[in-house]
Structures are given as C-alpha cells and as structure tokens.
Amino acid sequence: MVTNAERPVSVIVSNYNYERYLSESILSVLNQTYTNIQVIVVDDGSTDNSKQSLESIQDCRLQIIYQNNSGQASAFNAAFTECTGEFIAFLDSDDFWFERKLEVCVPFFDEGNISLVQHNLQVVGKDSKPCGGIHPNIEPGRKSIKDSYFKDNHTGFFSATSGMICRKADLDRIFPLDTSWKICADVAFSRPLPIFGDIVTLDEILGGYRMHGDNFWMHSKEQENWLENQQRYVDFTNNWLVRCGFKEKIFFEKSDHYMMYSQKCGIPVPFFRKAGYWFRKAKRKLGNFSAS
C-alpha cells in the first residue's frame, strides 16, 4: 500500500450529464492504492441527476465545483485553479481507472525531464466489461515527441484524457486554456507538453475507456471531421512552437496520417507524396519481415 508520504496528486474530473457512470468513475480514484490525492469534480451544468450522485459520495479528498454549461476547457480551468498537487491527472466522468494507476505512473517522473506519463485504456461497454480493443493503442516507451512532431508531421502521439498525468509546473505554463475548446480540451494542454520534456507511454493498461451511445465526442459533428480536426491540432501546436522560439513547424499534409485518410476519401494528393508514402510503407513491411 502506498502511504500519504507520497507526493500529492490532484485529479481533475469533468462531468456533463454522465450521472449513470459518475460514481464508478470517482470511486475508482478514491479507491486508488495511492492515497495522497485531491479529487476535483467540475459539473459543467448537468441537467440529469449528477448532483445527487456527487453529493452521495462522502470523502474529505473530494471537492465539487458546479458551473453553468461552458465546455470542457472551462471546466478544466475551474478545477486547475484549485489544484494543490505536484502532479495533475485527468479522468473523464464516463471512464474509470484501475486501482494501481497512480501507484504505477507517478514514479516515472523521477527519471527526470518528463512532462507527461500516459497509458492505454481498455475499451469497455456500458456495463464496464471489456468489449474488445485498446484505446488509443500507442507504442510504449520514453520519447521526445517534440522531435517526432517534425519527423512525422502530425500530433497523434497521445492517450485519451483519462490516460494522462502531468507535472503541474509544466501545466502552469499552459493554463488557463482557451475556452473555445468545448470538447477535446485535452488537446489544448497535451500538445504543448513535449516542448517542456519527454513523454513516457507505459505498456500497462491502467483504466477503462467507455464506449456507449451517449458519448458526446463520439457522436458530435466535430468528430466526423477527422481531417479538419487533425489540421486544427497541428495548427494549434505550431502556434505553441512559435511562442517557444522554434523555427521548425509541422506540415500535416506531408504526414502518413494525411495520406491514408486522403486516399480513403479520394482527396487528390501530389504524385511525389504518394510515392513517398508507399515507399515508407514498403520499408516498414520489409523491416518487419527481416526482424521476424
């Protein structure tokens, strides 16, 4: 059992009309083997029974903030002003953690120059039972994602919100977030983090990512516009790179992500970029064949 001598962790939970899953989500934090935690739940103007669910949980480590519906970035900002931990972890209110999540993640910051520790999540259904798949299935290891930005020309190196824990000192340089990020506000704090340190992705699955009919992101118009979303993430990251003095930039249209999606949707792509994509794909396959 981890003791309260461990360094403090603040956990931010944003909620909007997920009363059905809210108690399970919060209890998965309160029941962590790592006990030196502060849990801040921001209810973003829910119209269901979220308030009753929240107030049924009695724990001195739990703090609840109610606000009018303003979006996820606004909820993150409200919680961040109350955070006292050395590290900050995030959890969506329809997801949950396995009990050793913080115990496993926090020690990796001792390796030095780490701005984010993240992990993949088990895809589960409404009943919290695995329904196949890992999300988002990122390759494990320590990585300078800042360098990968320029090499691979995209920003798709991050776990979901519920799989992230950050150093507060780094987030102090990023918050408050632009409140125009009504959803996907994890992009607004995760994409600048590689500028400040390496990213560690664990090979251990430490939580559940719930798929259900009420997922607001999964059923939003924004989610349908995949290409536009990815370009927005790149533009946002490029703005941060400029702010921090970098002359290099990310060219999303040169990435294999852009190429794969463009071919799927029939978007015209210059021949030399098609040739480069197929060459890289063949090289990867050859490398895998040689390795076996």
# chains A, B, ... in the order shown; residues from 1 in each chain; ligands from 1

$ select_by_dssp --residues "stretch 64-160 of chain A" --states "strand (DSSP E or B)" --output "JSON, numbers by chain"
{"A": [64, 65, 66, 67, 87, 88, 89, 90, 91, 92, 96, 97, 114, 115, 116, 117, 118, 119, 121, 122, 123, 124, 130, 131, 132, 133, 134, 135, 141, 142, 143]}

$ residues_around --residues "stretch 233-238 of chain A" --least-positions-apart "6" --cutoff "8 Å" --atoms "only C-alpha atoms" --output "PDB file with N, CA and C atoms, in the first residue's frame"
ATOM      1  N   HIS A 154       2.667  15.071 -37.613  1.00  0.00           N
ATOM      2  CA  HIS A 154       1.340  15.028 -37.020  1.00  0.00           C
ATOM      3  C   HIS A 154       1.502  15.087 -35.513  1.00  0.00           C
ATOM      4  N   THR A 155       0.368  15.105 -34.781  1.00  0.00           N
ATOM      5  CA  THR A 155       0.442  15.219 -33.321  1.00  0.00           C
ATOM      6  C   THR A 155      -0.273  14.058 -32.628  1.00  0.00           C
ATOM      7  N   VAL A 187      -6.430  18.214 -25.905  1.00  0.00           N
ATOM      8  CA  VAL A 187      -5.504  18.664 -26.950  1.00  0.00           C
ATOM      9  C   VAL A 187      -4.827  19.957 -26.528  1.00  0.00           C
ATOM     10  N   ALA A 188      -5.591  20.847 -25.894  1.00  0.00           N
ATOM     11  CA  ALA A 188      -5.086  22.178 -25.559  1.00  0.00           C
ATOM     12  C   ALA A 188      -3.976  22.147 -24.517  1.00  0.00           C
ATOM     13  N   ARG A 191      -0.678  18.937 -26.259  1.00  0.00           N
ATOM     14  CA  ARG A 191       0.195  19.189 -27.416  1.00  0.00           C
ATOM     15  C   ARG A 191       1.386  20.090 -27.087  1.00  0.00           C
ATOM     16  N   PRO A 192       1.255  21.075 -26.179  1.00  0.00           N
ATOM     17  CA  PRO A 192       2.456  21.846 -25.830  1.00  0.00           C
ATOM     18  C   PRO A 192       3.429  21.114 -24.910  1.00  0.00           C
ATOM     19  N   LYS A 249       8.420  23.670 -38.098  1.00  0.00           N
ATOM     20  CA  LYS A 249       6.977  23.549 -37.939  1.00  0.00           C
ATOM     21  C   LYS A 249       6.529  22.197 -38.460  1.00  0.00           C
ATOM     22  N   ILE A 250       5.306  21.864 -38.148  1.00  0.00           N
ATOM     23  CA  ILE A 250       4.702  20.604 -38.568  1.00  0.00           C
ATOM     24  C   ILE A 250       3.911  20.847 -39.844  1.00  0.00           C
ATOM     25  N   PHE A 251       4.107  19.976 -40.843  1.00  0.00           N
ATOM     26  CA  PHE A 251       3.367  20.069 -42.101  1.00  0.00           C
ATOM     27  C   PHE A 251       2.471  18.838 -42.201  1.00  0.00           C
ATOM     28  N   PHE A 252       1.250  18.967 -41.734  1.00  0.00           N
ATOM     29  CA  PHE A 252       0.371  17.804 -41.633  1.00  0.00           C
ATOM     30  C   PHE A 252       0.131  17.146 -42.984  1.00  0.00           C
TER      31      PHE A 252
END

$ atom_distance --atom1 "atom CA of A:Gln231" --atom2 "atom CA of A:Tyr149"
13.0 Å

$ atom_distance --atom1 "atom CA of A:Asp48" --atom2 "atom CA of A:Asn69"
12.7 Å

$ closest_residue --among "A:Ser162, A:Ser144, A:Asn15, A:Thr47" --to "A:Asn113" --atoms "only C-alpha atoms"
A:Ser144

$ closest_atom_pairs --of "stretch 86-133 of chain A" --to "stretch 206-210 of chain A" --cutoff "9 Å" --atoms "only C-alpha atoms" --output "Markdown table"
| residue | atom | partner | partner_atom | distance |
| --- | --- | --- | --- | --- |
| A:Asp92 | CA | A:Tyr209 | CA | 8.9 |
| A:Asp94 | CA | A:Arg210 | CA | 6.3 |
| A:Asp95 | CA | A:Tyr209 | CA | 5.2 |
| A:Phe96 | CA | A:Gly208 | CA | 5.3 |
| A:Trp97 | CA | A:Gly207 | CA | 4.0 |
| A:Phe98 | CA | A:Gly207 | CA | 4.9 |
| A:Glu99 | CA | A:Leu206 | CA | 8.0 |
| A:Arg100 | CA | A:Leu206 | CA | 7.3 |
| A:Lys101 | CA | A:Leu206 | CA | 5.3 |
| A:Leu102 | CA | A:Leu206 | CA | 8.9 |
| A:Val104 | CA | A:Leu206 | CA | 8.7 |
| A:His119 | CA | A:Leu206 | CA | 6.7 |
| A:Asn120 | CA | A:Leu206 | CA | 7.0 |
| A:Leu121 | CA | A:Gly207 | CA | 5.0 |
| A:Gln122 | CA | A:Gly208 | CA | 4.7 |
| A:Val123 | CA | A:Tyr209 | CA | 4.8 |
| A:Val124 | CA | A:Arg210 | CA | 4.8 |
| A:Gly125 | CA | A:Arg210 | CA | 5.5 |
| A:Lys126 | CA | A:Arg210 | CA | 6.8 |
| A:Ser128 | CA | A:Arg210 | CA | 7.1 |
| A:Lys129 | CA | A:Gly208 | CA | 8.8 |
| A:Pro130 | CA | A:Gly208 | CA | 8.1 |
